[in-house]
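Colleague: Please find final_29.csv (CSV, C-alpha atoms and all ligand atoms) on the next line:
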chain,number,residue,atom,x,y,z
A,111,MET,CA,15.1,-17.5,0.3
A,112,ARG,CA,15.4,-17.1,-3.4
A,113,ILE,CA,13.1,-14.4,-4.7
A,114,GLY,CA,11.8,-13.4,-8.2
A,115,VAL,CA,10.7,-9.8,-8.8
A,116,ILE,CA,8.0,-9.1,-11.5
A,117,GLY,CA,8.2,-5.5,-12.7
A,118,THR,CA,11.4,-3.6,-12.2
A,119,GLY,CA,10.2,0.0,-12.2
A,120,ASN,CA,10.4,2.4,-9.2
A,121,ILE,CA,9.2,0.1,-6.4
A,122,GLY,CA,10.3,-3.3,-8.0
A,123,LEU,CA,13.8,-2.1,-8.4
A,124,ALA,CA,13.8,-0.5,-4.9
A,125,HIS,CA,12.6,-3.8,-3.4
A,126,ALA,CA,15.1,-5.9,-5.4
A,127,ARG,CA,17.9,-3.7,-4.2
A,128,SER,CA,16.7,-3.8,-0.6
A,129,LEU,CA,16.4,-7.6,-0.7
A,130,ALA,CA,19.8,-8.0,-2.2
A,131,ARG,CA,21.6,-5.6,0.2
A,132,GLU,CA,19.6,-5.0,3.4
A,133,VAL,CA,17.3,-8.0,4.1
A,134,ALA,CA,18.7,-10.9,6.0
A,135,GLY,CA,18.1,-14.4,4.6
A,136,ALA,CA,17.1,-13.3,1.1
A,137,ALA,CA,18.6,-13.2,-2.4
A,138,VAL,CA,17.0,-12.1,-5.7
A,139,THR,CA,17.6,-14.7,-8.3
A,140,ALA,CA,15.4,-13.6,-11.2
A,141,VAL,CA,13.6,-10.5,-12.5
A,142,PHE,CA,11.1,-10.0,-15.2
A,143,ASP,CA,10.0,-6.8,-17.0
A,144,PRO,CA,8.7,-6.5,-20.6
A,145,ASP,CA,11.0,-3.5,-20.8
A,146,ARG,CA,14.1,-5.5,-21.5
A,147,ASP,CA,16.5,-2.7,-20.8
A,148,ARG,CA,15.0,-2.2,-17.4
A,149,ALA,CA,15.1,-5.9,-16.6
A,150,ASP,CA,18.7,-6.3,-17.8
A,151,GLU,CA,19.8,-3.2,-15.8
A,152,ALA,CA,18.1,-4.5,-12.6
A,153,ALA,CA,19.5,-8.0,-13.1
A,154,ARG,CA,23.0,-6.5,-13.6
A,155,THR,CA,22.9,-4.3,-10.4
A,156,ILE,CA,21.7,-7.2,-8.1
A,157,ASP,CA,23.5,-10.1,-9.8
A,158,ALA,CA,20.3,-11.9,-10.9
A,159,ARG,CA,19.1,-13.2,-14.3
A,160,ALA,CA,16.4,-11.5,-16.4
A,161,CYS,CA,13.6,-13.8,-17.6
A,162,THR,CA,12.0,-13.3,-20.9
A,163,GLN,CA,8.5,-14.4,-19.9
A,164,VAL,CA,6.6,-13.9,-16.6
A,165,ARG,CA,5.7,-17.6,-16.5
A,166,GLU,CA,9.4,-18.5,-16.7
A,167,LEU,CA,10.0,-16.5,-13.5
A,168,ILE,CA,6.9,-17.9,-11.7
A,169,GLU,CA,7.8,-21.5,-12.4
A,170,ALA,CA,11.6,-21.3,-12.0
A,171,ASP,CA,13.1,-23.9,-9.7
A,172,ASP,CA,15.4,-21.2,-8.2
A,173,VAL,CA,12.5,-18.9,-7.3
A,174,ASP,CA,11.0,-19.8,-3.9
A,175,ALA,CA,8.9,-16.6,-3.5
A,176,ILE,CA,7.8,-13.7,-5.7
A,177,ILE,CA,7.2,-10.0,-5.5
A,178,ILE,CA,4.7,-8.5,-7.9
A,179,ALA,CA,5.5,-4.8,-8.7
A,180,SER,CA,3.9,-4.5,-12.1
A,181,PRO,CA,1.1,-1.9,-12.9
A,182,ASP,CA,-2.1,-2.2,-10.8
A,183,ASP,CA,-4.2,-3.8,-13.5
A,184,LEU,CA,-1.9,-6.8,-13.9
A,185,HIS,CA,-1.7,-7.7,-10.2
A,186,ALA,CA,-4.7,-10.1,-10.1
A,187,GLU,CA,-3.7,-12.2,-13.1
A,188,GLN,CA,-0.1,-12.5,-12.0
A,189,ALA,CA,-1.0,-13.2,-8.4
A,190,LEU,CA,-3.3,-16.0,-9.5
A,191,ALA,CA,-0.5,-17.6,-11.5
A,192,CYS,CA,1.7,-17.4,-8.4
A,193,LEU,CA,-1.0,-19.1,-6.3
A,194,GLN,CA,-1.3,-21.8,-8.9
A,195,ALA,CA,2.5,-22.3,-8.6
A,196,CYS,CA,2.0,-22.4,-4.7
A,197,LYS,CA,4.6,-19.7,-4.1
A,198,PRO,CA,4.4,-17.1,-1.3
A,199,THR,CA,3.9,-13.8,-3.0
A,200,LEU,CA,4.1,-10.1,-1.9
A,201,VAL,CA,1.7,-8.3,-4.2
A,202,GLU,CA,2.2,-4.5,-4.3
A,203,LYS,CA,-0.9,-2.5,-3.5
A,204,PRO,CA,-3.6,-2.6,-4.6
A,205,LEU,CA,-4.2,-6.3,-4.5
A,206,ALA,CA,-6.4,-5.5,-7.5
A,207,PRO,CA,-8.2,-2.2,-8.4
A,208,ALA,CA,-11.5,-4.1,-9.1
A,209,VAL,CA,-13.5,-5.8,-6.4
A,210,ASP,CA,-14.3,-8.9,-8.5
A,211,ASP,CA,-10.6,-9.5,-9.1
A,212,ALA,CA,-9.6,-9.1,-5.5
A,213,LEU,CA,-12.5,-11.4,-4.4
A,214,ALA,CA,-11.4,-14.0,-6.9
A,215,LEU,CA,-7.9,-14.0,-5.3
A,216,VAL,CA,-9.4,-14.4,-1.8
A,217,GLN,CA,-11.6,-17.3,-3.0
A,218,ALA,CA,-8.7,-19.0,-4.8
A,219,GLU,CA,-6.5,-18.7,-1.7
A,220,ALA,CA,-9.4,-20.0,0.5
A,221,ARG,CA,-9.8,-23.0,-1.8
A,222,LEU,CA,-6.0,-23.7,-1.4
A,223,GLY,CA,-6.4,-23.4,2.3
A,224,ARG,CA,-3.1,-21.5,2.7
A,225,ARG,CA,-2.3,-17.8,3.0
A,226,LEU,CA,0.3,-17.3,0.3
A,227,LEU,CA,-0.5,-13.7,-0.6
A,228,THR,CA,0.7,-10.7,1.3
A,229,VAL,CA,-0.3,-7.2,0.2
A,230,GLY,CA,2.3,-4.4,0.2
A,231,PHE,CA,0.6,-2.1,2.7
A,232,MET,CA,4.0,-1.2,4.2
A,233,ARG,CA,2.6,1.5,6.5
A,234,ARG,CA,1.8,-1.3,9.0
A,235,PHE,CA,5.6,-1.5,9.4
A,236,ASP,CA,6.3,2.2,9.7
A,237,PRO,CA,7.7,3.2,13.1
A,238,GLY,CA,5.3,6.3,13.3
A,239,TYR,CA,2.1,4.3,12.7
A,240,SER,CA,3.4,1.5,15.0
A,241,ALA,CA,3.9,4.0,17.8
A,242,LEU,CA,0.3,5.4,17.2
A,243,LYS,CA,-1.2,1.9,17.4
A,244,ALA,CA,0.8,0.9,20.5
A,245,GLN,CA,-0.5,4.0,22.3
A,246,LEU,CA,-4.0,3.4,21.2
A,247,VAL,CA,-3.9,-0.2,22.3
A,248,ALA,CA,-2.3,0.8,25.6
A,249,GLY,CA,-5.4,3.0,26.2
A,250,LEU,CA,-3.3,6.1,26.8
A,251,VAL,CA,-5.9,8.5,25.2
A,252,GLY,CA,-9.1,6.6,25.5
A,253,GLN,CA,-11.4,5.8,22.6
A,254,ALA,CA,-10.6,7.0,19.1
A,255,LEU,CA,-13.3,9.3,17.8
A,256,ILE,CA,-11.9,11.0,14.7
A,257,VAL,CA,-8.8,10.1,12.7
A,258,ARG,CA,-7.5,12.9,10.4
A,259,ASN,CA,-5.2,11.7,7.6
A,260,VAL,CA,-3.4,13.8,5.1
A,261,HIS,CA,-1.8,12.2,2.0
A,262,ARG,CA,-0.2,14.6,-0.4
A,263,ASN,CA,1.9,13.7,-3.5
A,264,ARG,CA,4.0,16.1,-5.3
A,265,SER,CA,2.5,15.2,-8.7
A,266,ALA,CA,0.3,12.4,-10.1
A,267,PRO,CA,2.3,9.5,-11.4
A,268,TYR,CA,-0.5,8.5,-13.8
A,269,GLY,CA,-2.3,11.7,-14.8
A,270,LEU,CA,-5.1,12.8,-12.5
A,271,LEU,CA,-8.1,10.4,-12.3
A,272,SER,CA,-10.2,10.6,-9.2
A,273,GLU,CA,-11.0,6.9,-9.2
A,274,ARG,CA,-7.3,6.0,-9.3
A,275,THR,CA,-6.7,8.4,-6.4
A,276,MET,CA,-8.9,6.0,-4.5
A,277,THR,CA,-7.6,2.7,-5.7
A,278,ASN,CA,-3.9,3.6,-5.9
A,279,MET,CA,-3.2,6.4,-3.5
A,280,ALA,CA,-5.8,6.8,-0.7
A,281,ILE,CA,-6.0,3.0,-0.5
A,282,HIS,CA,-3.0,3.2,1.8
A,283,GLU,CA,-5.1,5.1,4.4
A,284,MET,CA,-8.0,2.7,3.9
A,285,ASP,CA,-5.8,-0.2,4.9
A,286,VAL,CA,-3.8,1.5,7.6
A,287,ASN,CA,-6.8,2.9,9.4
A,288,ARG,CA,-8.6,-0.5,9.5
A,289,TRP,CA,-5.3,-1.8,11.0
A,290,LEU,CA,-4.8,1.1,13.4
A,291,LEU,CA,-8.3,1.0,14.8
A,292,ASP,CA,-8.8,-2.7,14.5
A,293,ASP,CA,-12.2,-1.8,13.1
A,294,GLU,CA,-14.0,-2.1,9.7
A,295,LEU,CA,-14.9,0.8,7.4
A,296,ALA,CA,-18.7,0.8,7.2
A,297,SER,CA,-19.7,3.8,5.0
A,298,VAL,CA,-18.2,6.6,3.1
A,299,GLN,CA,-18.9,10.0,1.7
A,300,VAL,CA,-16.6,12.2,-0.4
A,301,ILE,CA,-16.6,16.0,-0.8
A,302,ALA,CA,-14.3,18.1,-2.9
A,303,PRO,CA,-13.5,21.8,-3.2
A,304,ARG,CA,-13.7,23.7,-6.6
A,305,PRO,CA,-11.2,22.2,-9.0
A,306,GLY,CA,-7.7,23.9,-8.9
A,307,PRO,CA,-6.0,25.2,-12.0
A,308,ASP,CA,-4.2,21.8,-12.6
A,309,THR,CA,-7.3,19.6,-12.3
A,310,PRO,CA,-8.6,18.1,-15.5
A,311,ALA,CA,-12.4,18.6,-16.2
A,312,GLY,CA,-14.5,16.0,-14.4
A,313,GLN,CA,-11.8,15.1,-11.9
A,314,PHE,CA,-11.3,16.2,-8.3
A,315,ASP,CA,-8.1,17.1,-6.4
A,316,PRO,CA,-7.8,17.4,-3.4
A,317,MET,CA,-10.7,15.3,-2.0
A,318,LEU,CA,-12.0,14.8,1.5
A,319,ILE,CA,-12.9,11.1,1.9
A,320,ILE,CA,-14.8,10.5,5.1
A,321,PHE,CA,-15.4,7.0,6.4
A,322,ARG,CA,-17.5,5.9,9.4
A,323,THR,CA,-16.3,2.7,11.0
A,324,ALA,CA,-18.4,-0.1,12.3
A,325,SER,CA,-17.9,1.1,15.8
A,326,GLY,CA,-18.6,4.8,14.9
A,327,THR,CA,-15.2,6.4,14.6
A,328,LEU,CA,-14.8,9.0,11.8
A,329,VAL,CA,-11.8,8.5,9.5
A,330,GLU,CA,-11.1,11.6,7.3
A,331,ILE,CA,-8.6,11.4,4.5
A,332,GLU,CA,-7.4,14.4,2.6
A,333,ALA,CA,-6.1,12.9,-0.7
A,334,PHE,CA,-4.2,15.6,-2.7
A,335,VAL,CA,-2.4,14.1,-5.7
A,336,ASN,CA,-0.9,17.2,-7.3
A,337,ALA,CA,0.2,19.1,-4.2
A,338,HIS,CA,3.4,20.3,-6.0
A,339,TYR,CA,5.6,21.0,-2.9
A,340,GLY,CA,6.5,17.4,-2.0
A,341,TYR,CA,5.3,14.2,-0.4
A,342,GLU,CA,3.6,14.4,3.0
A,343,VAL,CA,1.7,11.9,5.1
A,344,THR,CA,0.3,12.8,8.5
A,345,CYS,CA,-2.1,11.1,10.9
A,346,GLN,CA,-3.8,12.6,14.0
A,347,VAL,CA,-6.1,10.6,16.3
A,348,VAL,CA,-8.6,12.6,18.3
A,349,ALA,CA,-9.6,10.4,21.2
A,350,SER,CA,-11.9,10.6,24.2
A,351,ARG,CA,-9.0,11.5,26.6
A,352,GLY,CA,-6.4,13.0,24.4
A,353,VAL,CA,-4.9,13.4,20.9
A,354,LEU,CA,-2.1,11.4,19.2
A,355,ASP,CA,-0.3,13.2,16.4
A,356,MET,CA,2.0,11.5,14.0
A,357,SER,CA,3.0,14.7,12.2
A,358,ASP,CA,5.5,13.2,10.0
A,359,GLY,CA,7.8,10.6,11.6
A,360,ALA,CA,10.6,11.3,9.2
A,361,PHE,CA,10.8,15.0,9.6
A,362,ILE,CA,13.3,16.9,11.8
A,363,THR,CA,12.9,20.5,12.6
A,364,ARG,CA,16.1,22.5,11.9
A,365,THR,CA,16.9,25.9,13.3
A,366,ALA,CA,19.7,27.7,11.5
A,367,ALA,CA,20.6,31.2,10.2
A,368,ALA,CA,17.4,32.9,11.5
A,369,LEU,CA,15.2,30.3,10.0
A,370,ARG,CA,13.4,27.3,11.5
A,371,GLY,CA,12.1,24.7,9.1
A,372,GLN,CA,12.0,21.1,7.9
A,373,ASP,CA,13.1,19.3,4.7
A,374,ILE,CA,10.3,17.6,2.9
A,375,PRO,CA,10.9,14.5,0.9
A,376,GLU,CA,10.0,14.8,-2.8
A,377,GLN,CA,8.8,11.2,-3.1
A,378,TRP,CA,7.4,8.4,-1.1
A,379,LEU,CA,10.7,6.4,-0.9
A,380,GLY,CA,12.2,9.2,1.2
A,381,ARG,CA,9.4,9.0,3.8
A,382,PHE,CA,8.8,5.2,3.9
A,383,GLY,CA,12.2,3.7,3.2
A,384,ASP,CA,12.4,2.2,6.7
A,385,ALA,CA,8.8,0.8,6.4
A,386,TYR,CA,9.6,-0.9,3.1
A,387,ARG,CA,12.7,-2.5,4.5
A,388,ARG,CA,10.9,-3.8,7.7
A,389,GLU,CA,8.0,-5.1,5.5
A,390,LEU,CA,10.4,-7.1,3.3
A,391,GLN,CA,12.3,-8.5,6.3
A,392,ALA,CA,9.0,-9.5,8.1
A,393,TRP,CA,7.8,-11.2,4.9
A,394,VAL,CA,11.0,-13.1,4.4
A,395,ASP,CA,11.1,-14.1,8.1
A,396,ALA,CA,7.5,-15.3,8.0
A,397,ILE,CA,8.1,-17.5,5.0
A,398,ARG,CA,11.2,-18.9,6.7
A,399,GLY,CA,9.1,-19.7,9.7
A,400,LEU,CA,10.5,-17.2,12.1
A,401,PRO,CA,8.0,-15.7,14.6
A,402,ASP,CA,7.8,-12.2,13.2
A,403,PRO,CA,4.7,-10.2,12.4
A,404,VAL,CA,3.3,-10.7,8.9
A,405,GLY,CA,1.6,-8.0,6.8
A,406,ALA,CA,-1.7,-7.5,5.2
A,407,THR,CA,-3.5,-10.6,3.9
A,408,ALA,CA,-5.5,-11.0,0.7
A,409,TRP,CA,-8.6,-10.4,2.8
A,410,ASP,CA,-7.1,-7.1,3.9
A,411,GLY,CA,-6.4,-6.3,0.2
A,412,LEU,CA,-10.0,-7.1,-0.7
A,413,ALA,CA,-11.3,-4.9,2.2
A,414,ALA,CA,-9.2,-2.0,1.0
A,415,THR,CA,-10.3,-2.4,-2.6
A,416,LEU,CA,-14.0,-2.5,-1.4
A,417,ALA,CA,-13.4,0.7,0.5
A,418,ALA,CA,-11.7,2.4,-2.5
A,419,GLN,CA,-14.5,1.4,-4.9
A,420,ALA,CA,-17.2,2.5,-2.4
A,421,ALA,CA,-15.4,5.9,-2.2
A,422,ALA,CA,-15.3,6.2,-6.0
A,423,GLU,CA,-19.1,5.4,-6.0
A,424,ALA,CA,-19.7,8.0,-3.2
A,425,LEU,CA,-17.8,10.6,-5.3
A,426,ARG,CA,-19.9,9.8,-8.5
A,427,SER,CA,-23.2,9.7,-6.7
A,428,GLY,CA,-22.6,12.5,-4.1
A,429,THR,CA,-24.2,10.3,-1.5
A,430,GLU,CA,-23.1,8.3,1.5
A,431,VAL,CA,-22.4,4.8,0.4
A,432,ASP,CA,-22.4,1.7,2.6
A,433,LEU,CA,-19.6,-0.8,2.2
A,434,ASP,CA,-20.9,-4.2,1.3
A,435,SER,CA,-18.5,-6.9,2.5
A,436,PRO,CA,-18.7,-10.6,1.6
A,437,THR,CA,-18.5,-13.2,4.4
A,438,ARG,CA,-14.9,-13.6,5.7
A,439,PRO,CA,-13.6,-17.1,4.8
A,440,ALA,CA,-12.4,-19.2,7.8
A,441,LEU,CA,-8.8,-18.9,6.4
A,442,TYR,CA,-8.8,-15.2,7.5
A,443,GLN,CA,-10.7,-15.6,10.8
A,444,ASP,CA,-7.9,-14.8,13.4
B,501,LIG,N1,3.6,0.3,-1.4
B,501,LIG,C1,3.8,1.5,-1.9
B,501,LIG,O1,3.9,2.5,-1.3
B,501,LIG,C2,4.0,1.6,-3.4
B,501,LIG,C3,4.9,2.6,-3.9
B,501,LIG,C4,5.0,2.7,-5.3
B,501,LIG,C5,4.4,1.8,-6.1
B,501,LIG,N2,3.6,0.8,-5.6
B,501,LIG,C6,2.8,-0.1,-6.5
B,501,LIG,O2,3.8,-0.8,-7.2
B,501,LIG,C7,3.3,-1.0,-8.6
B,501,LIG,C8,4.4,-0.5,-9.5
B,501,LIG,O3,4.5,0.9,-9.3
B,501,LIG,P1,5.8,1.7,-9.8
B,501,LIG,O4,5.7,3.1,-9.2
B,501,LIG,O5,7.0,0.9,-9.6
B,501,LIG,O6,5.5,1.8,-11.4
B,501,LIG,P2,6.5,1.9,-12.6
B,501,LIG,O7,5.7,2.3,-13.8
B,501,LIG,O8,7.8,2.6,-12.2
B,501,LIG,O9,7.0,0.3,-12.8
B,501,LIG,C9,6.1,-0.6,-13.3
B,501,LIG,C10,7.0,-1.6,-14.1
B,501,LIG,O10,6.1,-2.7,-14.5
B,501,LIG,C11,6.5,-3.0,-15.8
B,501,LIG,N3,5.5,-3.8,-16.5
B,501,LIG,C12,4.6,-3.4,-17.4
B,501,LIG,N4,3.9,-4.5,-17.9
B,501,LIG,C13,4.4,-5.6,-17.1
B,501,LIG,C14,4.0,-7.0,-17.1
B,501,LIG,N5,3.1,-7.5,-17.9
B,501,LIG,N6,4.7,-7.8,-16.2
B,501,LIG,C15,5.6,-7.3,-15.4
B,501,LIG,N7,6.0,-6.0,-15.4
B,501,LIG,C16,5.4,-5.1,-16.3
B,501,LIG,C17,6.9,-1.7,-16.5
B,501,LIG,O11,7.7,-1.9,-17.6
B,501,LIG,C18,7.6,-1.0,-15.3
B,501,LIG,O12,9.0,-1.2,-15.4
B,501,LIG,C19,2.0,-0.3,-8.7
B,501,LIG,O13,1.0,-1.3,-8.5
B,501,LIG,C20,2.0,0.6,-7.5
B,501,LIG,O14,0.7,0.9,-7.0
B,501,LIG,C21,3.4,0.7,-4.3
Re-express the file's structure as structure tokens.
Ligand SMILES: NC(=O)c1ccc[n+]([C@@H]2O[C@H](COP(=O)([O-])OP(=O)(O)OC[C@H]3O[C@@H](n4cnc5c(N)ncnc54)[C@H](O)[C@@H]3O)[C@@H](O)[C@H]2O)c1

Modeller:
Amino acid sequence: MRIGVIGTGNIGLAHARSLAREVAGAAVTAVFDPDRDRADEAARTIDARACTQVRELIEADDVDAIIIASPDDLHAEQALACLQACKPTLVEKPLAPAVDDALALVQAEARLGRRLLTVGFMRRFDPGYSALKAQLVAGLVGQALIVRNVHRNRSAPYGLLSERTMTNMAIHEMDVNRWLLDDELASVQVIAPRPGPDTPAGQFDPMLIIFRTASGTLVEIEAFVNAHYGYEVTCQVVASRGVLDMSDGAFITRTAAALRGQDIPEQWLGRFGDAYRRELQAWVDAIRGLPDPVGATAWDGLAATLAAQAAAEALRSGTEVDLDSPTRPALYQD
């Protein structure tokens, strides 16, 4: 499968390298980034060519499938162009930060009658979350009652804006908890402590985002963008007959020289490298027709954006906000 990568920053370059070196059945043939130096450097390291226009990449005969790893606000327009070219496309999260844009993509795909879009919610491929889900599905601890999620970044990649914390960062939890519980997020409230010394006026960090699902489970997310010490993601499911704890699947406790401790990754790539690789392999296999699990659909992308925007509204209003979901098109009914 010949793949084109749009945007060769942090994650675009990581995906391009992984496809070129680790993923079976895939080659990267073209890249595009308006930063020509970045595009040329990426093309050189993976032996691809750098396109000068995004359209050139999308329409190229030697590009069978596309990854969109540009900034959030560009995803919708670029994904629509990929749909028009009828090419399977992995859109990095979020599908789109705005509900209307995400909905337009779902409607465009429904009109086509084919699921061409996959959203880069790679935690669905993480061994830690997969183990949690397997134990829940096997009924080992009964019914999930409360899910406690922690998501801390060392520093904000985009300055600190609470709405972006919802649409760019905590959106991972909004997707993975829907998937984990096989349940829909139904309402949300947000509370925050006093602003810390690094928090700009009018913004909040950390925040506690608390969803209630359609079947009544509480999903609590601590989203802390400027946590300083490193990157950490944990998930604990409190259930009717036990507790499941994915402290952090990637950490190893080390005891040495009168000290017991753990290394903490500074960035997300250190924690989720395996999940990204599995996600890409599953995406390539699914397009090649092999019977592997596929990832989040455009409908899942829309559901996560709806949740993120409802959380932003709950923060602004200080009230509990109901999620208002459109009717699910037949294309996404299974
Ligand atoms: N799944 C994940 O865990 C994960 C992790 C990191 C980033 N992401 C997502 O990936 C996207 C990129 O994030 P990043 O950290 O790599 O950002 P980045 O800033 O490192 O890279 C973005 C790249 O897009 C390029 N760009 C700007 N305008 C463009 C255009 N019109 N067309 C194509 N490229 C353009 C920039 O020059 C830059 O090289 C974001 O949407 C982010 O949410 C997802």

Colleague: What gap, in Å, lies between atom CA of A:Arg165 and atom CA of A:Gly122?

Modeller: 17.3 Å

Colleague: Calculated over all atoms listed in the file, which of the candidates A:Leu215, A:Ala140, A:Ala421, A:Val133 has the smallest distance to A:Ala408?

Modeller: A:Leu215

Colleague: Which one of A:Ala241, A:Ile281, A:Val404, A:Ala137 sits closest to ligand LIG 501 (chain B) if you count only C-alpha atoms and all ligand atoms?

Modeller: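 The shortest atom-to-atom distance to ligand LIG 501 (chain B) comes from A:Ile281.
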
Colleague: List every residue of chain A that has an atom at most 9 Å from any atom of ligand LIG 501 (chain B), giving for each one its closest atom pair and the distance in Å to one decimal, counting all atoms listed in the file, sorted by chain and then by ascending residue number, as a Markdown table.

Modeller:
| residue | atom | partner | partner_atom | distance |
| --- | --- | --- | --- | --- |
| A:Val115 | CA | B:LIG501 | C15 | 8.7 |
| A:Ile116 | CA | B:LIG501 | C15 | 4.9 |
| A:Gly117 | CA | B:LIG501 | N7 | 3.5 |
| A:Thr118 | CA | B:LIG501 | O12 | 4.7 |
| A:Gly119 | CA | B:LIG501 | O9 | 3.3 |
| A:Asn120 | CA | B:LIG501 | O5 | 3.7 |
| A:Ile121 | CA | B:LIG501 | O5 | 4.0 |
| A:Gly122 | CA | B:LIG501 | O5 | 5.6 |
| A:Leu123 | CA | B:LIG501 | O5 | 7.5 |
| A:Ala124 | CA | B:LIG501 | O5 | 8.4 |
| A:Phe142 | CA | B:LIG501 | C15 | 6.1 |
| A:Asp143 | CA | B:LIG501 | N7 | 4.4 |
| A:Pro144 | CA | B:LIG501 | O11 | 5.6 |
| A:Asp145 | CA | B:LIG501 | O11 | 4.9 |
| A:Arg146 | CA | B:LIG501 | O11 | 8.3 |
| A:Arg148 | CA | B:LIG501 | O12 | 6.4 |
| A:Ala149 | CA | B:LIG501 | O12 | 7.8 |
| A:Gln163 | CA | B:LIG501 | N6 | 8.5 |
| A:Val164 | CA | B:LIG501 | N6 | 6.4 |
| A:Ile178 | CA | B:LIG501 | C15 | 7.6 |
| A:Ala179 | CA | B:LIG501 | C7 | 4.4 |
| A:Ser180 | CA | B:LIG501 | O10 | 3.7 |
| A:Pro181 | CA | B:LIG501 | O13 | 4.4 |
| A:Asp182 | CA | B:LIG501 | O13 | 4.0 |
| A:Asp183 | CA | B:LIG501 | O13 | 7.6 |
| A:Leu184 | CA | B:LIG501 | N5 | 6.4 |
| A:His185 | CA | B:LIG501 | O13 | 7.2 |
| A:Gln188 | CA | B:LIG501 | N6 | 7.9 |
| A:Val201 | CA | B:LIG501 | O13 | 8.2 |
| A:Glu202 | CA | B:LIG501 | C6 | 5.0 |
| A:Lys203 | CA | B:LIG501 | O14 | 5.1 |
| A:Pro204 | CA | B:LIG501 | O14 | 6.0 |
| A:Leu205 | CA | B:LIG501 | O13 | 8.2 |
| A:Ala206 | CA | B:LIG501 | O13 | 8.6 |
| A:Val229 | CA | B:LIG501 | N1 | 8.6 |
| A:Gly230 | CA | B:LIG501 | N1 | 5.1 |
| A:Phe231 | CA | B:LIG501 | N1 | 5.6 |
| A:Met232 | CA | B:LIG501 | N1 | 5.8 |
| A:Arg233 | CA | B:LIG501 | O1 | 8.0 |
| A:Pro267 | CA | B:LIG501 | O4 | 7.6 |
| A:Tyr268 | CA | B:LIG501 | O7 | 8.8 |
| A:Thr277 | CA | B:LIG501 | O14 | 8.6 |
| A:Asn278 | CA | B:LIG501 | O14 | 5.4 |
| A:Met279 | CA | B:LIG501 | O14 | 7.6 |
| A:His282 | CA | B:LIG501 | O1 | 7.6 |
| A:Trp378 | CA | B:LIG501 | O1 | 6.9 |
| A:Leu379 | CA | B:LIG501 | C3 | 7.6 |
| A:Phe382 | CA | B:LIG501 | O1 | 7.6 |
| A:Tyr386 | CA | B:LIG501 | N1 | 7.6 |

Colleague: Using all atoms listed in the file, which residue out of A:Leu129, A:Cys345, A:Ala296, A:Leu412 lies closest to A:Asp434?

Modeller: A:Ala296

Colleague: Go through A:Ser325, A:Gln346, A:Thr139, A:Ser240 one by one, measure the shortest atom-to-atom distance of each to A:Val257 using all atoms listed in the file, and give the residue with the smallest value.

Modeller: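 Once distances to A:Val257 are computed over all atoms listed in the file, the minimum belongs to A:Gln346.
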
Colleague: Just checking: using all atoms listed in the file, which residue out of A:Gly352, A:Pro307, A:Pro198, A:Gly135 ends up closest to A:Gln391?

Modeller: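 So, comparing all the options, the nearest one is A:Gly135.
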
Colleague: Given the choices A:Glu169, A:Asp308, A:Asp410, A:Asp211, which gets closest to A:Val286 if the distance is worked out from all atoms listed in the file?

Modeller: A:Asp410

Colleague: With a distance cut-off of 7 Å and all atoms listed in the file, select the neighbouring residues of A:Gln253, excluding the residue or stretch itself and same-chain residues fewer than 2 positions from it, and output the selection as a PyMOL selection string.

Modeller: chain A and resi 251+255+349-350

Colleague: Can you tell me, as a VMD selection string, which residues sit within 12 Å of (11.8, -24.1, -10.5) in the file's frame, using all atoms listed in the file?

Modeller: chain A and resid 112 to 114 139 to 140 165 to 175 195 to 197

Colleague: Filtering to C-alpha atoms, could you give me those residues as an mmCIF file, in the frame of the given file?

Modeller:
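Full text of selection16.cif as output:
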data_model
loop_
_atom_site.group_PDB
_atom_site.id
_atom_site.type_symbol
_atom_site.label_atom_id
_atom_site.label_comp_id
_atom_site.auth_asym_id
_atom_site.auth_seq_id
_atom_site.Cartn_x
_atom_site.Cartn_y
_atom_site.Cartn_z
ATOM 1 C CA ARG A 112 15.400 -17.100 -3.400
ATOM 2 C CA ILE A 113 13.100 -14.400 -4.700
ATOM 3 C CA GLY A 114 11.800 -13.400 -8.200
ATOM 4 C CA THR A 139 17.600 -14.700 -8.300
ATOM 5 C CA ALA A 140 15.400 -13.600 -11.200
ATOM 6 C CA ARG A 165 5.700 -17.600 -16.500
ATOM 7 C CA GLU A 166 9.400 -18.500 -16.700
ATOM 8 C CA LEU A 167 10.000 -16.500 -13.500
ATOM 9 C CA ILE A 168 6.900 -17.900 -11.700
ATOM 10 C CA GLU A 169 7.800 -21.500 -12.400
ATOM 11 C CA ALA A 170 11.600 -21.300 -12.000
ATOM 12 C CA ASP A 171 13.100 -23.900 -9.700
ATOM 13 C CA ASP A 172 15.400 -21.200 -8.200
ATOM 14 C CA VAL A 173 12.500 -18.900 -7.300
ATOM 15 C CA ASP A 174 11.000 -19.800 -3.900
ATOM 16 C CA ALA A 175 8.900 -16.600 -3.500
ATOM 17 C CA ALA A 195 2.500 -22.300 -8.600
ATOM 18 C CA CYS A 196 2.000 -22.400 -4.700
ATOM 19 C CA LYS A 197 4.600 -19.700 -4.100
#

Colleague: Contacts of A:Leu290 at 12 Å or less, counting all atoms listed in the file, minus same-chain residues fewer than 6 places along, as a ChimeraX atom specification?

Modeller: /A:233-236,238-247,254,257,282-284,323,327,329,345-347

Colleague: How far is it from atom CA of A:Pro436 to atom CA of A:Ile319, in Å with one decimal?

Modeller: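 Atom CA of A:Ile319 lies at a distance of 22.5 Å from atom CA of A:Pro436.
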
Colleague: Residues near A:His338, anyone? I mean within 9 Å using all atoms listed in the file, not counting same-chain ones fewer than 6 positions away, as a VMD selection string.

Modeller: chain A and resid 262 to 265

Colleague: What's the separation between atom CA of A:Met317 and atom CA of A:Pro303, in Å to one decimal place?

Modeller: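 Distance reported for this atom pair: 7.2 Å.
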